[in-house]
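Colleague: My structure is in my_file.cif, and what it holds is mmCIF, C-alpha atoms and all ligand atoms:
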```
data_entry
#
loop_
_atom_site.label_atom_id
_atom_site.label_comp_id
_atom_site.auth_asym_id
_atom_site.auth_seq_id
_atom_site.Cartn_x
_atom_site.Cartn_y
_atom_site.Cartn_z
CA MET A 1 94.31 94.42 85.47
CA ARG A 2 95.61 97.93 84.95
CA ILE A 3 98.24 98.59 82.27
CA ASP A 4 100.13 101.87 81.75
CA LEU A 5 102.18 102.38 78.59
CA ILE A 6 104.61 105.31 78.39
CA SER A 7 106.14 106.21 75.02
CA ILE A 8 107.10 109.02 72.68
CA PHE A 9 104.60 107.33 70.31
CA PRO A 10 101.54 106.66 72.51
CA GLU A 11 99.38 106.25 69.35
CA TYR A 12 101.40 103.10 68.66
CA PHE A 13 99.16 101.41 71.23
CA ASP A 14 95.90 102.15 69.42
CA VAL A 15 95.98 98.52 68.22
CA LEU A 16 95.11 97.54 71.77
CA ASP A 17 91.64 99.02 71.24
CA LEU A 18 90.89 96.31 68.64
CA SER A 19 89.55 92.79 68.95
CA LEU A 20 89.60 90.91 72.26
CA ILE A 21 91.76 93.39 74.16
CA GLY A 22 89.51 96.25 73.04
CA ARG A 23 86.47 94.26 74.18
CA ALA A 24 88.12 93.46 77.53
CA GLN A 25 88.60 97.21 78.08
CA GLN A 26 84.96 97.90 77.27
CA ASP A 27 83.94 95.13 79.68
CA GLY A 28 86.07 96.64 82.46
CA VAL A 29 88.33 93.57 82.74
CA LEU A 30 91.31 95.67 81.62
CA GLN A 31 92.16 99.35 82.09
CA ILE A 32 94.78 100.56 79.63
CA HIS A 33 96.32 104.03 80.09
CA ARG A 34 98.68 105.63 77.53
CA HIS A 35 101.12 108.41 78.37
CA ASN A 36 103.25 110.63 76.14
CA LEU A 37 106.79 110.68 77.52
CA ARG A 38 107.31 114.17 76.06
CA ASP A 39 104.60 115.51 78.39
CA HIS A 40 107.12 114.88 81.18
CA THR A 41 110.01 116.88 79.72
CA GLU A 42 110.84 120.35 81.02
CA ASP A 43 112.79 122.00 78.17
CA LYS A 44 111.27 123.85 75.24
CA HIS A 45 112.34 121.18 72.72
CA ARG A 46 110.68 118.46 74.82
CA SER A 47 113.85 116.41 74.39
CA VAL A 48 114.02 112.86 75.65
CA ASP A 49 117.50 111.83 74.49
CA SER A 50 121.12 112.94 74.48
CA PRO A 51 124.47 111.50 73.32
CA PRO A 52 125.92 108.55 75.24
CA ALA A 53 128.25 109.40 78.11
CA GLY A 54 131.68 108.06 77.22
CA GLY A 55 131.01 108.41 73.48
CA GLY A 56 129.67 105.96 70.93
CA ALA A 57 126.96 105.77 68.30
CA GLY A 58 123.34 106.87 68.64
CA MET A 59 121.47 108.57 71.44
CA VAL A 60 120.45 107.45 74.93
CA MET A 61 117.12 108.25 76.59
CA LYS A 62 117.46 110.64 79.51
CA PRO A 63 116.27 109.27 82.87
CA GLU A 64 114.43 112.40 84.10
CA PRO A 65 111.33 112.36 81.83
CA TRP A 66 110.93 108.62 82.50
CA ALA A 67 111.13 109.08 86.26
CA ARG A 68 108.63 111.94 86.17
CA ALA A 69 106.20 109.92 84.01
CA LEU A 70 106.55 106.94 86.34
CA GLU A 71 105.93 109.17 89.35
CA VAL A 72 102.67 110.33 87.76
CA VAL A 73 101.62 106.68 87.38
CA LEU A 74 102.64 105.91 90.97
CA ALA A 75 100.68 108.90 92.29
CA ASP A 76 97.56 107.33 90.79
CA THR A 77 98.29 103.86 92.22
CA ASN A 78 97.40 102.14 95.48
CA PRO A 79 100.75 102.29 97.35
CA ALA A 80 100.12 98.84 98.84
CA LEU A 81 100.30 97.30 95.34
CA ARG A 82 103.86 97.37 94.10
CA PRO A 83 103.39 97.57 90.30
CA THR A 84 105.55 95.62 87.86
CA LEU A 85 107.62 97.76 85.51
CA VAL A 86 108.45 96.06 82.21
CA ILE A 87 111.36 97.53 80.28
CA PRO A 88 111.43 95.85 76.84
CA THR A 89 115.00 95.58 75.60
CA PRO A 90 116.96 93.16 73.41
CA SER A 91 119.42 92.86 76.33
CA GLY A 92 116.72 91.58 78.72
CA GLU A 93 115.67 88.13 79.88
CA LEU A 94 113.79 86.15 77.23
CA PHE A 95 109.99 86.60 77.48
CA THR A 96 108.33 83.16 77.48
CA GLN A 97 104.89 81.65 78.04
CA ASP A 98 105.89 81.01 81.68
CA ALA A 99 106.72 84.69 82.11
CA ALA A 100 103.36 85.59 80.51
CA THR A 101 101.57 83.33 83.01
CA ARG A 102 103.33 84.99 85.94
CA LEU A 103 102.62 88.51 84.64
CA ALA A 104 98.94 87.65 84.11
CA GLU A 105 98.61 87.31 87.89
CA GLN A 106 99.78 90.88 88.55
CA PRO A 107 97.25 93.65 89.19
CA HIS A 108 99.27 96.46 87.57
CA LEU A 109 101.82 96.42 84.74
CA VAL A 110 103.67 99.52 83.56
CA PHE A 111 105.64 99.50 80.29
CA ALA A 112 108.66 101.71 79.58
CA PRO A 113 109.60 101.02 75.95
CA GLY A 114 112.82 102.79 75.05
CA ARG A 115 113.93 104.02 71.63
CA PHE A 116 117.40 104.88 70.28
CA GLU A 117 120.17 103.03 72.18
CA GLY A 118 117.92 102.51 75.21
CA ILE A 119 117.24 104.24 78.53
CA ASP A 120 119.96 105.50 80.91
CA GLU A 121 120.75 102.50 83.13
CA ARG A 122 120.18 104.48 86.32
CA LEU A 123 116.45 104.53 85.64
CA THR A 124 116.31 100.79 86.41
CA ALA A 125 118.05 101.28 89.78
CA TRP A 126 115.77 104.19 90.71
CA ALA A 127 112.61 102.37 89.56
CA ALA A 128 113.48 99.26 91.61
CA GLU A 129 112.66 101.25 94.75
CA HIS A 130 109.04 101.55 93.64
CA PHE A 131 108.39 98.75 91.14
CA GLU A 132 109.18 95.10 90.53
CA VAL A 133 111.41 95.73 87.49
CA LEU A 134 111.68 93.24 84.61
CA ARG A 135 113.90 93.84 81.59
CA LEU A 136 112.42 91.59 78.90
CA SER A 137 113.44 90.67 75.35
CA ILE A 138 110.89 89.17 72.96
CA GLY A 139 113.58 87.46 70.86
CA ASP A 140 117.11 87.60 69.54
CA TYR A 141 116.64 90.41 67.04
CA VAL A 142 116.61 94.18 67.29
CA LEU A 143 113.50 96.34 66.79
CA ASN A 144 113.45 100.12 66.33
CA GLY A 145 112.00 100.53 69.80
CA GLY A 146 110.25 98.71 72.61
CA GLU A 147 106.69 99.62 71.53
CA ALA A 148 106.14 96.58 69.31
CA ALA A 149 107.63 94.36 72.03
CA SER A 150 105.25 95.94 74.58
CA VAL A 151 102.25 95.14 72.38
CA VAL A 152 103.47 91.53 72.05
CA ILE A 153 103.85 91.18 75.81
CA VAL A 154 100.48 92.85 76.54
CA GLU A 155 98.74 90.49 74.10
CA ALA A 156 100.43 87.33 75.41
CA VAL A 157 99.68 88.30 79.03
CA THR A 158 96.15 89.68 78.81
CA ARG A 159 94.73 86.72 76.86
CA LEU A 160 95.51 84.60 79.96
CA ILE A 161 93.30 86.77 82.19
CA PRO A 162 89.91 85.12 82.80
CA GLY A 163 87.24 86.84 80.71
CA VAL A 164 89.56 88.18 77.99
CA ILE A 165 89.23 85.37 75.44
CA GLY A 166 85.93 83.64 74.87
CA ASN A 167 87.03 80.00 74.86
CA GLU A 168 89.29 79.33 77.80
CA ALA A 169 89.66 75.63 76.97
CA SER A 170 91.73 76.62 73.94
CA LEU A 171 94.34 78.10 76.30
CA GLN A 172 95.15 74.62 77.57
CA GLU A 173 95.59 73.10 74.13
CA GLU A 174 97.73 75.65 72.36
CA SER A 175 101.45 75.78 71.57
CA HIS A 176 103.73 76.23 74.60
CA SER A 177 101.01 75.61 77.17
CA GLU A 178 102.64 72.28 78.04
CA GLY A 179 106.07 72.94 76.64
CA LEU A 180 105.16 71.42 73.25
CA LEU A 181 104.23 73.03 69.93
CA GLU A 182 100.58 72.61 68.96
CA TYR A 183 99.45 69.65 66.81
CA PRO A 184 98.15 70.33 63.24
CA VAL A 185 94.54 71.48 63.05
CA TYR A 186 91.93 71.07 60.28
CA THR A 187 88.40 72.14 59.47
CA LYS A 188 85.78 71.47 56.76
CA PRO A 189 85.88 70.55 53.88
CA ALA A 190 87.25 67.04 54.47
CA HIS A 191 88.67 66.93 50.90
CA TRP A 192 90.29 70.08 49.54
CA ARG A 193 92.40 70.47 46.39
CA GLY A 194 93.48 66.84 46.56
CA LEU A 195 94.42 67.07 50.24
CA ASP A 196 92.57 65.09 52.92
CA ILE A 197 92.13 65.52 56.66
CA PRO A 198 93.89 62.57 58.37
CA GLU A 199 91.40 59.72 58.86
CA VAL A 200 91.91 59.43 62.60
CA VAL A 201 90.80 63.06 63.08
CA LEU A 202 87.50 62.29 61.34
CA SER A 203 87.06 58.87 63.02
CA GLY A 204 85.04 60.18 65.97
CA ASN A 205 87.34 58.18 68.28
CA HIS A 206 88.37 60.79 70.84
CA ALA A 207 91.02 58.69 72.55
CA LYS A 208 92.71 57.80 69.24
CA THR A 209 92.51 61.43 68.08
CA ALA A 210 94.07 62.66 71.34
CA GLN A 211 96.85 60.07 70.97
CA TRP A 212 97.52 61.11 67.36
CA ARG A 213 97.59 64.81 68.32
CA ARG A 214 100.03 64.16 71.14
CA ALA A 215 102.35 62.24 68.81
CA GLN A 216 102.16 65.04 66.22
CA ALA A 217 102.90 67.70 68.84
CA GLU A 218 105.92 65.74 70.03
CA GLU A 219 107.17 65.10 66.49
CA ARG A 220 106.84 68.77 65.57
CA THR A 221 108.58 69.96 68.69
CA LYS A 222 111.44 67.45 68.19
CA SER A 223 112.11 68.56 64.62
CA ILE A 224 111.32 72.30 64.73
CA ARG A 225 112.37 73.20 68.27
CA PRO A 226 114.93 70.71 69.60
CA ASP A 227 115.67 73.19 72.44
CA LEU A 228 112.06 72.96 73.68
CA TRP A 229 112.03 69.20 73.19
CA GLN A 230 115.08 68.78 75.40
CA ARG A 231 113.53 70.94 78.13
CA TYR A 232 110.23 69.06 77.84
CA GLN A 233 111.94 65.68 78.22
CA SER A 234 113.94 66.73 81.25
CA SER A 235 110.97 68.31 83.08
N1 LIG A 301 113.60 96.61 71.72
C1 LIG A 301 114.32 96.44 70.60
N2 LIG A 301 114.44 95.15 70.29
C2 LIG A 301 113.76 94.46 71.26
C3 LIG A 301 113.53 93.09 71.51
N3 LIG A 301 114.01 92.12 70.73
N4 LIG A 301 112.81 92.75 72.60
C4 LIG A 301 112.33 93.70 73.42
N5 LIG A 301 112.53 95.01 73.24
C5 LIG A 301 113.23 95.40 72.16
#
```
Can you give me the file's structure in the form of structure tokens?

Modeller:
Amino acid sequence: MRIDLISIFPEYFDVLDLSLIGRAQQDGVLQIHRHNLRDHTEDKHRSVDSPPAGGGAGMVMKPEPWARALEVVLADTNPALRPTLVIPTPSGELFTQDAATRLAEQPHLVFAPGRFEGIDERLTAWAAEHFEVLRLSIGDYVLNGGEAASVVIVEAVTRLIPGVIGNEASLQEESHSEGLLEYPVYTKPAHWRGLDIPEVVLSGNHAKTAQWRRAQAEERTKSIRPDLWQRYQSS
């Protein structure tokens, strides 16, 4: 998979050189390209924002540098593959595990994380001619910009690509993979500061352990995330 990230803070994405995603890049499973949005400005101040049309607080990102940066990415892309453009924004659709699974099947993702009050809305309309555009929110809270949200989405998506994480079986057993939160997990020592691992987990009886884990996952989901529980029951 190829990923392009465009930002006024391209160094923000240095974290993607660490750990499993860094390894996946070294192994050639992932190609990550960073771009500085200011390299696509044409004025001497390299400005990327201006006051909102119609008035109001804050600044809005101008569409021109974004379009130019996206054109540079497109020029380096096979025209037969329509890339997916992700615009992280708190006013987007909620990013979920299902969305991560769908994005993991795409060959090319491009991220346009806005700052300030967001990007001029016309960029989305223009970009839709060249990209599959998704406006995604990672949760009901507001960040200073879309960079952190981009990192979250890249991590959730790329770990689903074969070859990125070592143990693919763990993908099937984790929270959200079946619409349930994950069951409690334990490791050695069996007794620790007066706390014991539940007997069934140590019993060696795989069927009983699986049954116990399922019940725990359901109980957790019911009490912590009644919204997920309702969806799980009706699916
Ligand atoms: N930018 C600012 N807040 C955000 C959020 N919650 N999700 C995605 N992008 C954002």

Colleague: Report the distance between atom CA of His176 of chain A and atom CA of Ile21 of chain A in Å, rounded to one decimal place.

Modeller: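 According to the coordinates, atom CA of His176 of chain A and atom CA of Ile21 of chain A are separated by 20.9 Å.
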
Colleague: Do a neighbour search on segment 103-109 of chain A at 12 Å with all atoms listed in the file, toss out local chain neighbours closer than 5 positions, and write the hits as JSON, numbers by chain.

Modeller: {"A": [1, 2, 3, 4, 5, 6, 29, 30, 31, 32, 33, 70, 73, 74, 76, 77, 78, 79, 80, 81, 82, 83, 84, 85, 86, 87, 95, 96, 97, 98, 131, 132, 133, 134, 136, 150, 153, 154, 155, 156, 157, 158, 159, 160, 161, 162, 164]}

Colleague: Enter the distance from atom CA of Trp126 of chain A to atom CA of Thr101 of chain A, in Å, rounded to one decimal.

Modeller: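 Computed distance, atom CA of Trp126 of chain A to atom CA of Thr101 of chain A, equals 26.4 Å.
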
Colleague: Name all residues at most 10 Å from Val48 of chain A (count only C-alpha atoms; drop same-chain ones fewer than 4 positions away) and give them as a VMD selection string.

Modeller: chain A and resid 8 37 to 38 40 to 43 59 to 66 115 119

Colleague: Between atom CA of Tyr141 of chain A and atom N3 of ligand LIG 301 (chain A), measure the distance and give it in Å to one decimal.

Modeller: 4.8 Å

Colleague: List all protein, DNA and RNA residues that have at least one atom no more than 8 Å from any atom of ligand LIG 301 (chain A), counting only C-alpha atoms and all ligand atoms, and write them as a ChimeraX atom specification.

Modeller: /A:87-92,113-115,136-150

Colleague: Closest to Ser7 of chain A among A:Ser19, A:Thr209, A:Asn36, A:Ser50, using only C-alpha atoms?

Modeller: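 Nearest to Ser7 of chain A: A:Asn36.
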
Colleague: Of the candidates A:Ala53, A:Val152, A:Leu180, A:Ala112, which one gets nearest to Arg220 of chain A if we count only C-alpha atoms?

Modeller: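 Once distances to Arg220 of chain A are computed over only C-alpha atoms, the minimum belongs to A:Leu180.
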
Colleague: Which residue is closest to Lys222 of chain A? Choose from A:Asp14, A:Gln172, A:Leu181, A:Glu129 and count all atoms listed in the file.

Modeller: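 For Lys222 of chain A, the nearest of the given residues is A:Leu181.
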
Colleague: Please provide the set of residues having any atom within 12 Å of Ala190 of chain A, restricted to only C-alpha atoms, with same-chain residues fewer than 4 positions apart removed, written as a ChimeraX atom specification.

Modeller: /A:186,194-199,201-203

Colleague: Could you rebuild segment 142-153 of chain A with all heavy atoms and give it back as a compact mmCIF listing (two decimals), in the frame of the given file?

Modeller:
```
# COMPACT_ATOMS: atom_id res chain seq x y z
N VAL A 142 116.71 92.81 66.77
CA VAL A 142 116.61 94.18 67.29
C VAL A 142 115.51 94.94 66.56
O VAL A 142 115.48 95.00 65.33
CB VAL A 142 117.97 94.92 67.14
CG1 VAL A 142 117.85 96.35 67.65
CG2 VAL A 142 119.05 94.17 67.93
N LEU A 143 114.59 95.51 67.33
CA LEU A 143 113.50 96.34 66.79
C LEU A 143 113.92 97.81 66.88
O LEU A 143 114.91 98.14 67.52
CB LEU A 143 112.24 96.12 67.63
CG LEU A 143 111.78 94.66 67.75
CD1 LEU A 143 110.76 94.51 68.86
CD2 LEU A 143 111.19 94.20 66.42
N ASN A 144 113.13 98.68 66.27
CA ASN A 144 113.45 100.12 66.33
C ASN A 144 113.16 100.72 67.70
O ASN A 144 113.60 101.82 68.01
CB ASN A 144 112.67 100.89 65.28
CG ASN A 144 113.19 100.59 63.89
OD1 ASN A 144 114.34 100.20 63.74
ND2 ASN A 144 112.35 100.78 62.89
N GLY A 145 112.36 100.03 68.48
CA GLY A 145 112.00 100.53 69.80
C GLY A 145 111.24 99.46 70.54
O GLY A 145 110.90 98.42 69.97
N GLY A 146 110.92 99.72 71.79
CA GLY A 146 110.25 98.71 72.61
C GLY A 146 108.73 98.68 72.48
O GLY A 146 108.08 97.86 73.12
N GLU A 147 108.16 99.57 71.62
CA GLU A 147 106.69 99.62 71.53
C GLU A 147 106.11 98.32 71.00
O GLU A 147 105.14 97.79 71.56
CB GLU A 147 106.23 100.80 70.66
CG GLU A 147 106.33 102.16 71.33
CD GLU A 147 107.75 102.74 71.31
OE1 GLU A 147 108.65 102.10 70.73
OE2 GLU A 147 107.95 103.82 71.87
N ALA A 148 106.67 97.82 69.89
CA ALA A 148 106.14 96.58 69.31
C ALA A 148 106.28 95.43 70.32
O ALA A 148 105.37 94.61 70.47
CB ALA A 148 106.85 96.25 68.00
N ALA A 149 107.41 95.40 71.02
CA ALA A 149 107.63 94.36 72.03
C ALA A 149 106.59 94.49 73.15
O ALA A 149 106.07 93.49 73.65
CB ALA A 149 109.04 94.45 72.59
N SER A 150 106.25 95.74 73.52
CA SER A 150 105.25 95.94 74.58
C SER A 150 103.90 95.38 74.14
O SER A 150 103.20 94.74 74.93
CB SER A 150 105.09 97.43 74.90
OG SER A 150 106.30 97.97 75.35
N VAL A 151 103.54 95.64 72.88
CA VAL A 151 102.25 95.14 72.38
C VAL A 151 102.25 93.60 72.42
O VAL A 151 101.26 92.98 72.84
CB VAL A 151 101.97 95.67 70.95
CG1 VAL A 151 100.76 94.96 70.33
CG2 VAL A 151 101.74 97.18 70.97
N VAL A 152 103.36 93.00 72.02
CA VAL A 152 103.47 91.53 72.05
C VAL A 152 103.26 91.02 73.48
O VAL A 152 102.48 90.09 73.73
CB VAL A 152 104.85 91.08 71.51
CG1 VAL A 152 105.13 89.62 71.83
CG2 VAL A 152 104.92 91.32 70.00
N ILE A 153 103.94 91.66 74.42
CA ILE A 153 103.85 91.18 75.81
C ILE A 153 102.43 91.40 76.35
O ILE A 153 101.85 90.52 76.98
CB ILE A 153 104.92 91.88 76.69
CG1 ILE A 153 106.32 91.46 76.21
CG2 ILE A 153 104.72 91.53 78.16
CD1 ILE A 153 107.47 92.26 76.83
```
